[in-house]
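Chemist: Next comes structure_30.txt, compact mmCIF, N, CA and C atoms:
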```txt
# COMPACT_ATOMS: atom_id res chain seq x y z
N CYS A 1 -6.86 9.66 -37.91
CA CYS A 1 -7.60 10.30 -36.85
C CYS A 1 -9.06 9.82 -36.87
N ARG A 2 -9.65 9.71 -38.06
CA ARG A 2 -11.05 9.25 -38.16
C ARG A 2 -11.16 7.80 -37.69
N LYS A 3 -10.14 7.01 -38.04
CA LYS A 3 -10.16 5.60 -37.62
C LYS A 3 -10.15 5.49 -36.10
N ALA A 4 -9.35 6.31 -35.48
CA ALA A 4 -9.28 6.31 -34.01
C ALA A 4 -10.60 6.75 -33.41
N MET A 5 -11.27 7.70 -34.04
CA MET A 5 -12.55 8.20 -33.52
C MET A 5 -13.65 7.15 -33.64
N GLN A 6 -13.53 6.24 -34.60
CA GLN A 6 -14.56 5.24 -34.83
C GLN A 6 -14.39 4.01 -33.91
N GLN A 7 -13.27 3.90 -33.26
CA GLN A 7 -13.04 2.75 -32.39
C GLN A 7 -13.94 2.82 -31.16
N ALA A 8 -14.34 1.65 -30.71
CA ALA A 8 -15.17 1.59 -29.51
C ALA A 8 -14.33 1.95 -28.29
N THR A 9 -14.92 2.61 -27.35
CA THR A 9 -14.24 2.95 -26.10
C THR A 9 -14.95 2.25 -24.95
N PHE A 10 -14.18 1.96 -23.94
CA PHE A 10 -14.72 1.26 -22.78
C PHE A 10 -14.32 2.02 -21.52
N SER A 11 -15.21 2.03 -20.58
CA SER A 11 -14.92 2.66 -19.30
C SER A 11 -14.28 1.63 -18.38
N LEU A 12 -13.31 2.04 -17.60
CA LEU A 12 -12.70 1.14 -16.64
C LEU A 12 -13.67 0.78 -15.51
N ASP A 13 -14.70 1.58 -15.32
CA ASP A 13 -15.68 1.33 -14.27
C ASP A 13 -16.86 0.49 -14.75
N ALA A 14 -16.92 0.20 -16.05
CA ALA A 14 -18.04 -0.57 -16.59
C ALA A 14 -17.99 -2.00 -16.05
N GLU A 15 -19.16 -2.52 -15.67
CA GLU A 15 -19.20 -3.89 -15.15
C GLU A 15 -19.15 -4.88 -16.30
N LEU A 16 -18.43 -5.95 -16.10
CA LEU A 16 -18.32 -7.02 -17.09
C LEU A 16 -18.93 -8.27 -16.52
N GLN A 17 -19.58 -9.05 -17.37
CA GLN A 17 -20.16 -10.30 -16.92
C GLN A 17 -19.38 -11.44 -17.54
N ASN A 18 -19.17 -12.49 -16.78
CA ASN A 18 -18.44 -13.65 -17.27
C ASN A 18 -19.30 -14.35 -18.32
N GLY A 19 -18.86 -14.37 -19.57
CA GLY A 19 -19.61 -14.98 -20.66
C GLY A 19 -19.68 -16.48 -20.56
N ASN A 20 -18.78 -17.10 -19.85
CA ASN A 20 -18.79 -18.55 -19.70
C ASN A 20 -19.84 -19.03 -18.71
N LYS A 21 -20.25 -18.18 -17.81
CA LYS A 21 -21.26 -18.53 -16.80
C LYS A 21 -22.29 -17.41 -16.71
N PRO A 22 -23.08 -17.19 -17.76
CA PRO A 22 -23.98 -16.05 -17.76
C PRO A 22 -25.12 -16.15 -16.75
N ASN A 23 -25.54 -17.35 -16.37
CA ASN A 23 -26.69 -17.49 -15.48
C ASN A 23 -26.30 -17.76 -14.03
N ASN A 24 -25.03 -17.69 -13.73
CA ASN A 24 -24.55 -17.95 -12.39
C ASN A 24 -24.93 -16.78 -11.49
N ILE A 25 -25.75 -17.04 -10.51
CA ILE A 25 -26.23 -15.99 -9.61
C ILE A 25 -25.10 -15.47 -8.73
N GLN A 26 -24.19 -16.36 -8.34
CA GLN A 26 -23.12 -15.97 -7.43
C GLN A 26 -21.94 -15.32 -8.15
N SER A 27 -21.99 -15.27 -9.49
CA SER A 27 -20.84 -14.68 -10.19
C SER A 27 -20.75 -13.20 -9.87
N ARG A 28 -19.57 -12.78 -9.54
CA ARG A 28 -19.34 -11.38 -9.20
C ARG A 28 -19.08 -10.61 -10.48
N ARG A 29 -19.61 -9.45 -10.55
CA ARG A 29 -19.38 -8.63 -11.74
C ARG A 29 -18.13 -7.80 -11.50
N ASP A 30 -17.14 -8.06 -12.33
CA ASP A 30 -15.89 -7.33 -12.25
C ASP A 30 -15.94 -6.13 -13.18
N THR A 31 -15.10 -5.18 -12.89
CA THR A 31 -14.94 -4.05 -13.80
C THR A 31 -13.65 -4.25 -14.57
N MET A 32 -13.47 -3.49 -15.63
CA MET A 32 -12.22 -3.56 -16.39
C MET A 32 -11.04 -3.24 -15.47
N TYR A 33 -11.22 -2.31 -14.57
CA TYR A 33 -10.16 -1.93 -13.64
C TYR A 33 -9.74 -3.12 -12.79
N ASP A 34 -10.73 -3.91 -12.30
CA ASP A 34 -10.42 -5.09 -11.49
C ASP A 34 -9.58 -6.09 -12.27
N ILE A 35 -9.93 -6.32 -13.51
CA ILE A 35 -9.21 -7.29 -14.33
C ILE A 35 -7.79 -6.81 -14.59
N ILE A 36 -7.63 -5.56 -14.91
CA ILE A 36 -6.29 -5.01 -15.16
C ILE A 36 -5.46 -5.05 -13.90
N GLU A 37 -6.07 -4.73 -12.78
CA GLU A 37 -5.35 -4.71 -11.50
C GLU A 37 -4.81 -6.09 -11.15
N TYR A 38 -5.57 -7.15 -11.43
CA TYR A 38 -5.12 -8.51 -11.12
C TYR A 38 -3.97 -8.94 -12.00
N LYS A 39 -3.84 -8.37 -13.16
CA LYS A 39 -2.80 -8.78 -14.09
C LYS A 39 -1.50 -8.00 -13.91
N VAL A 40 -1.45 -7.12 -12.94
CA VAL A 40 -0.24 -6.33 -12.70
C VAL A 40 0.87 -7.28 -12.27
N ASP A 41 2.01 -7.09 -12.84
CA ASP A 41 3.16 -7.93 -12.53
C ASP A 41 3.73 -7.52 -11.18
N GLU A 42 3.68 -8.41 -10.23
CA GLU A 42 4.14 -8.12 -8.88
C GLU A 42 5.62 -8.43 -8.68
N THR A 43 6.31 -8.83 -9.72
CA THR A 43 7.69 -9.29 -9.52
C THR A 43 8.60 -8.20 -8.96
N GLU A 44 8.42 -6.96 -9.39
CA GLU A 44 9.28 -5.89 -8.88
C GLU A 44 9.04 -5.69 -7.38
N HIS A 45 7.78 -5.73 -6.98
CA HIS A 45 7.44 -5.60 -5.56
C HIS A 45 8.02 -6.77 -4.77
N GLU A 46 7.89 -7.97 -5.31
CA GLU A 46 8.41 -9.15 -4.63
C GLU A 46 9.93 -9.11 -4.52
N LYS A 47 10.59 -8.66 -5.58
CA LYS A 47 12.06 -8.54 -5.55
C LYS A 47 12.49 -7.56 -4.46
N THR A 48 11.81 -6.43 -4.39
CA THR A 48 12.15 -5.42 -3.39
C THR A 48 11.90 -5.96 -1.99
N GLN A 49 10.78 -6.64 -1.81
CA GLN A 49 10.46 -7.21 -0.50
C GLN A 49 11.51 -8.24 -0.09
N ARG A 50 11.91 -9.11 -1.04
CA ARG A 50 12.94 -10.11 -0.74
C ARG A 50 14.26 -9.45 -0.37
N LEU A 51 14.63 -8.40 -1.11
CA LEU A 51 15.88 -7.68 -0.84
C LEU A 51 15.86 -7.05 0.54
N LEU A 52 14.74 -6.43 0.91
CA LEU A 52 14.64 -5.80 2.23
C LEU A 52 14.70 -6.83 3.35
N MET A 53 14.04 -7.97 3.15
CA MET A 53 14.08 -9.03 4.16
C MET A 53 15.50 -9.58 4.30
N LYS A 54 16.19 -9.74 3.17
CA LYS A 54 17.56 -10.24 3.20
C LYS A 54 18.47 -9.26 3.93
N GLU A 55 18.34 -7.96 3.64
CA GLU A 55 19.15 -6.95 4.32
C GLU A 55 18.86 -6.93 5.82
N HIS A 56 17.59 -7.08 6.18
CA HIS A 56 17.23 -7.09 7.61
C HIS A 56 17.83 -8.31 8.30
N LEU A 57 17.76 -9.46 7.64
CA LEU A 57 18.33 -10.68 8.21
C LEU A 57 19.84 -10.54 8.41
N ILE A 58 20.53 -10.03 7.39
CA ILE A 58 21.99 -9.87 7.48
C ILE A 58 22.34 -8.87 8.58
N GLY A 59 21.58 -7.79 8.69
CA GLY A 59 21.81 -6.83 9.77
C GLY A 59 21.64 -7.46 11.14
N THR A 60 20.62 -8.31 11.27
CA THR A 60 20.38 -9.00 12.54
C THR A 60 21.53 -9.96 12.84
N LEU A 61 22.00 -10.68 11.83
CA LEU A 61 23.13 -11.59 12.05
C LEU A 61 24.37 -10.82 12.50
N ARG A 62 24.61 -9.68 11.89
CA ARG A 62 25.79 -8.88 12.24
C ARG A 62 25.69 -8.32 13.67
N ARG A 63 24.47 -8.13 14.14
CA ARG A 63 24.29 -7.62 15.50
C ARG A 63 24.63 -8.67 16.55
N TYR A 64 24.38 -9.94 16.24
CA TYR A 64 24.53 -10.98 17.26
C TYR A 64 25.74 -11.89 17.07
N LEU A 65 26.38 -11.85 15.91
CA LEU A 65 27.50 -12.76 15.64
C LEU A 65 28.74 -11.98 15.21
N SER A 66 29.87 -12.67 15.23
CA SER A 66 31.12 -12.05 14.75
C SER A 66 31.08 -11.98 13.22
N PRO A 67 31.86 -11.08 12.64
CA PRO A 67 31.89 -10.98 11.17
C PRO A 67 32.25 -12.30 10.48
N HIS A 68 33.17 -13.06 11.09
CA HIS A 68 33.57 -14.34 10.51
C HIS A 68 32.40 -15.32 10.49
N GLU A 69 31.66 -15.39 11.59
CA GLU A 69 30.51 -16.29 11.67
C GLU A 69 29.43 -15.88 10.66
N VAL A 70 29.20 -14.58 10.53
CA VAL A 70 28.20 -14.09 9.58
C VAL A 70 28.59 -14.49 8.16
N ASP A 71 29.85 -14.29 7.82
CA ASP A 71 30.30 -14.62 6.46
C ASP A 71 30.12 -16.11 6.17
N LEU A 72 30.44 -16.95 7.13
CA LEU A 72 30.26 -18.40 6.93
C LEU A 72 28.80 -18.75 6.71
N LEU A 73 27.90 -18.16 7.50
CA LEU A 73 26.48 -18.42 7.34
C LEU A 73 25.97 -17.91 5.99
N LEU A 74 26.42 -16.73 5.60
CA LEU A 74 25.98 -16.17 4.32
C LEU A 74 26.44 -17.04 3.15
N LEU A 75 27.65 -17.52 3.21
CA LEU A 75 28.16 -18.40 2.17
C LEU A 75 27.40 -19.73 2.16
N ARG A 76 27.22 -20.30 3.32
CA ARG A 76 26.59 -21.62 3.42
C ARG A 76 25.16 -21.60 2.92
N TYR A 77 24.42 -20.55 3.22
CA TYR A 77 23.00 -20.51 2.89
C TYR A 77 22.67 -19.65 1.66
N GLY A 78 23.67 -19.25 0.91
CA GLY A 78 23.43 -18.56 -0.35
C GLY A 78 22.96 -17.13 -0.23
N LEU A 79 23.28 -16.47 0.87
CA LEU A 79 22.86 -15.08 1.06
C LEU A 79 23.95 -14.08 0.73
N MET A 80 25.14 -14.57 0.43
CA MET A 80 26.26 -13.70 0.07
C MET A 80 26.00 -13.12 -1.31
N ASP A 81 26.38 -11.88 -1.51
CA ASP A 81 26.24 -11.24 -2.81
C ASP A 81 27.04 -12.04 -3.84
N GLU A 82 26.39 -12.44 -4.91
CA GLU A 82 27.02 -13.30 -5.91
C GLU A 82 28.24 -12.65 -6.54
N ARG A 83 28.29 -11.32 -6.57
CA ARG A 83 29.45 -10.64 -7.14
C ARG A 83 30.69 -10.81 -6.28
N ALA A 84 30.50 -11.14 -5.00
CA ALA A 84 31.63 -11.32 -4.09
C ALA A 84 32.19 -12.74 -4.15
N LEU A 85 31.47 -13.64 -4.81
CA LEU A 85 31.92 -15.03 -4.89
C LEU A 85 32.81 -15.24 -6.11
N PRO A 86 33.70 -16.24 -6.04
CA PRO A 86 34.51 -16.56 -7.22
C PRO A 86 33.62 -17.05 -8.37
N LYS A 87 34.14 -16.95 -9.58
CA LYS A 87 33.37 -17.39 -10.75
C LYS A 87 32.98 -18.84 -10.61
N GLY A 88 31.77 -19.15 -11.07
CA GLY A 88 31.29 -20.52 -11.05
C GLY A 88 30.58 -20.90 -9.76
N MET A 89 30.61 -20.04 -8.77
CA MET A 89 29.95 -20.34 -7.50
C MET A 89 28.76 -19.40 -7.33
N SER A 90 27.64 -20.00 -6.97
CA SER A 90 26.46 -19.19 -6.69
C SER A 90 25.51 -19.99 -5.83
N GLY A 91 24.60 -19.29 -5.18
CA GLY A 91 23.62 -19.95 -4.34
C GLY A 91 24.24 -20.53 -3.09
N PRO A 92 23.49 -21.39 -2.42
CA PRO A 92 24.02 -22.04 -1.22
C PRO A 92 25.22 -22.91 -1.57
N LEU A 93 26.24 -22.83 -0.74
CA LEU A 93 27.46 -23.61 -0.97
C LEU A 93 27.50 -24.77 0.02
N THR A 94 28.16 -25.84 -0.37
CA THR A 94 28.36 -26.96 0.55
C THR A 94 29.41 -26.55 1.58
N ILE A 95 29.46 -27.31 2.65
CA ILE A 95 30.46 -27.03 3.68
C ILE A 95 31.86 -27.17 3.10
N ALA A 96 32.06 -28.13 2.21
CA ALA A 96 33.37 -28.31 1.58
C ALA A 96 33.74 -27.07 0.75
N GLU A 97 32.79 -26.53 0.00
CA GLU A 97 33.07 -25.33 -0.80
C GLU A 97 33.37 -24.13 0.09
N VAL A 98 32.61 -23.99 1.17
CA VAL A 98 32.86 -22.89 2.11
C VAL A 98 34.24 -23.03 2.73
N SER A 99 34.59 -24.24 3.12
CA SER A 99 35.89 -24.45 3.75
C SER A 99 37.03 -24.15 2.78
N ASN A 100 36.87 -24.49 1.51
CA ASN A 100 37.89 -24.15 0.51
C ASN A 100 38.03 -22.64 0.35
N LEU A 101 36.92 -21.92 0.39
CA LEU A 101 36.96 -20.47 0.22
C LEU A 101 37.64 -19.76 1.38
N VAL A 102 37.36 -20.22 2.60
CA VAL A 102 37.87 -19.52 3.77
C VAL A 102 39.17 -20.12 4.32
N GLY A 103 39.57 -21.27 3.80
CA GLY A 103 40.84 -21.86 4.22
C GLY A 103 40.79 -22.57 5.56
N LEU A 104 39.62 -23.06 5.93
CA LEU A 104 39.49 -23.84 7.16
C LEU A 104 39.09 -25.27 6.81
N LYS A 105 39.30 -26.18 7.75
CA LYS A 105 38.88 -27.55 7.54
C LYS A 105 37.35 -27.62 7.58
N PRO A 106 36.76 -28.53 6.80
CA PRO A 106 35.30 -28.63 6.77
C PRO A 106 34.67 -28.85 8.14
N ASP A 107 35.33 -29.64 8.99
CA ASP A 107 34.78 -29.89 10.31
C ASP A 107 34.73 -28.61 11.15
N LYS A 108 35.75 -27.78 11.03
CA LYS A 108 35.80 -26.50 11.75
C LYS A 108 34.67 -25.59 11.26
N VAL A 109 34.46 -25.53 9.93
CA VAL A 109 33.39 -24.70 9.36
C VAL A 109 32.03 -25.19 9.88
N ARG A 110 31.83 -26.52 9.88
CA ARG A 110 30.58 -27.09 10.36
C ARG A 110 30.33 -26.73 11.81
N ARG A 111 31.37 -26.83 12.65
CA ARG A 111 31.23 -26.50 14.08
C ARG A 111 30.90 -25.03 14.28
N ILE A 112 31.54 -24.15 13.52
CA ILE A 112 31.28 -22.71 13.65
C ILE A 112 29.83 -22.41 13.26
N ILE A 113 29.38 -23.03 12.18
CA ILE A 113 28.00 -22.80 11.73
C ILE A 113 27.00 -23.31 12.76
N ILE A 114 27.24 -24.48 13.30
CA ILE A 114 26.34 -25.04 14.32
C ILE A 114 26.33 -24.17 15.56
N ASN A 115 27.49 -23.72 16.01
CA ASN A 115 27.55 -22.85 17.20
C ASN A 115 26.86 -21.51 16.93
N SER A 116 26.99 -20.99 15.73
CA SER A 116 26.32 -19.74 15.37
C SER A 116 24.81 -19.91 15.40
N GLN A 117 24.35 -21.04 14.89
CA GLN A 117 22.91 -21.31 14.90
C GLN A 117 22.39 -21.45 16.33
N LYS A 118 23.19 -22.04 17.21
CA LYS A 118 22.78 -22.17 18.61
C LYS A 118 22.65 -20.79 19.25
N GLN A 119 23.58 -19.88 18.91
CA GLN A 119 23.51 -18.52 19.46
C GLN A 119 22.26 -17.79 18.97
N LEU A 120 21.80 -18.15 17.78
CA LEU A 120 20.66 -17.45 17.17
C LEU A 120 19.32 -18.14 17.42
N ARG A 121 19.34 -19.22 18.16
CA ARG A 121 18.12 -20.01 18.35
C ARG A 121 16.95 -19.17 18.86
N HIS A 122 17.22 -18.24 19.77
CA HIS A 122 16.14 -17.42 20.32
C HIS A 122 15.56 -16.48 19.28
N LEU A 123 16.31 -16.18 18.21
CA LEU A 123 15.82 -15.30 17.15
C LEU A 123 15.11 -16.07 16.03
N MET A 124 15.31 -17.36 15.97
CA MET A 124 14.80 -18.13 14.84
C MET A 124 13.29 -18.12 14.74
N LYS A 125 12.58 -18.01 15.83
CA LYS A 125 11.12 -17.96 15.77
C LYS A 125 10.66 -16.75 14.97
N GLU A 126 11.39 -15.65 15.08
CA GLU A 126 11.05 -14.42 14.35
C GLU A 126 11.21 -14.62 12.84
N TRP A 127 12.13 -15.52 12.45
CA TRP A 127 12.43 -15.69 11.03
C TRP A 127 11.86 -16.96 10.42
N GLU A 128 10.89 -17.59 11.09
CA GLU A 128 10.27 -18.79 10.53
C GLU A 128 9.63 -18.44 9.19
N GLY A 129 9.84 -19.26 8.21
CA GLY A 129 9.28 -19.03 6.89
C GLY A 129 10.06 -18.07 6.03
N PHE A 130 11.18 -17.56 6.55
CA PHE A 130 11.98 -16.59 5.78
C PHE A 130 12.52 -17.23 4.51
N GLU A 131 12.98 -18.48 4.62
CA GLU A 131 13.55 -19.15 3.46
C GLU A 131 12.51 -19.29 2.35
N ALA A 132 11.27 -19.58 2.73
CA ALA A 132 10.20 -19.69 1.73
C ALA A 132 9.95 -18.35 1.06
N GLU A 133 10.05 -17.27 1.81
CA GLU A 133 9.83 -15.94 1.25
C GLU A 133 10.93 -15.58 0.26
N LEU A 134 12.15 -16.02 0.53
CA LEU A 134 13.26 -15.70 -0.37
C LEU A 134 13.22 -16.49 -1.66
N ALA A 135 12.70 -17.68 -1.56
CA ALA A 135 12.70 -18.54 -2.76
C ALA A 135 11.74 -18.08 -3.80
```
Could you take the file, read its structure, and then write that structure out as structure tokens?

Modeler:
Amino acid sequence: CRKAMQQATFSLDAELQNGNKPNNIQSRRDTMYDIIEYKVDETEHEKTQRLLMKEHLIGTLRRYLSPHEVDLLLLRYGLMDERALPKGMSGPLTIAEVSNLVGLKPDKVRRIIINSQKQLRHLMKEWEGFEAELA
């Protein structure tokens, strides 16, 4: 208890000066709170945001396309829940892999995907940059 009482304490509101640039006039004085806040791990927030965007995208696809077309797009672009895929398959699948899964010829799968994308062309502007957000 005495050891704990002898330890130095710091206020989160106390201003800190950058020791590497002590004479820099433009250096901003941060507080301990600012430093701690910047080090917060945002991964949980980013995961949640990605999940919500993915759910919104899938909901939009289901609104405008048939269930078969949606499933093909989800498989092709890696948006299908990995637990629903056979072992050893994950992420975006090739057209050949998708065709093996659904039992259609690769050319038929390719045509369905292209036609689905044409139907969604008017919505694609809304989803520009979505792939970058998911990655």

Chemist: Enclose stretch 105-111 of chain A, meaning all of its atoms listed in the file, in a box aligned along x, y and z, pad it by 6 Å on each side, and list the centre and edge lengths in Å to one decimal, as JSON.

Modeler:
```
{"center_x": 34.8, "center_y": -27.3, "center_z": 10.5, "size_x": 21.0, "size_y": 17.2, "size_z": 19.5}
```

Chemist: Env of A:Gly91: 5 Å cut, atoms = all atoms listed in the file, seq-sep filter 2 positions within chain, self excluded. Answer as JSON, numbers by chain.

Modeler: {"A": [78, 89, 93]}

Chemist: Report the distance between atom C of A:His45 and atom C of A:Arg62 in Å, rounded to one decimal place.

Modeler: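 Taking atom C of A:His45 and atom C of A:Arg62, their separation equals 25.6 Å.
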
Chemist: Measure the distance from atom CA of A:Glu82 to atom CA of A:Met124 in Å and round it to one decimal.

Modeler: 24.6 Å

Chemist: Skip A:Leu72 itself and residues of its chain fewer than 4 positions away, then list as a list in words all residues within 8 Å of it, counting all atoms listed in the file.

Modeler: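 Once the nearby chain positions are removed, what remains is Ser66, Pro67, His68, Arg76, Tyr77, Gly78, Val98, Val109, Ile112 and Ile113 of chain A.
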
Chemist: Would you mind telling me which residue in A:Leu79, A:Arg2, A:Ala96, A:Gln119 lies nearest to A:Tyr64 when using only N, CA and C atoms?

Modeler: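 Residue with the minimum atom-to-atom distance to A:Tyr64: A:Gln119.
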
Chemist: One number please: atom N of A:Lys54 to atom CA of A:Glu97, in Å, one decimal.

Modeler: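 According to the coordinates, atom N of A:Lys54 and atom CA of A:Glu97 are separated by 23.3 Å.
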
Chemist: Nearest to A:Thr94 among A:Thr48, A:Arg63, A:Thr43, A:Leu75, with distances taken over all atoms listed in the file: which residue is it?

Modeler: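 Answer, going by the shortest atom-to-atom distance: A:Leu75.
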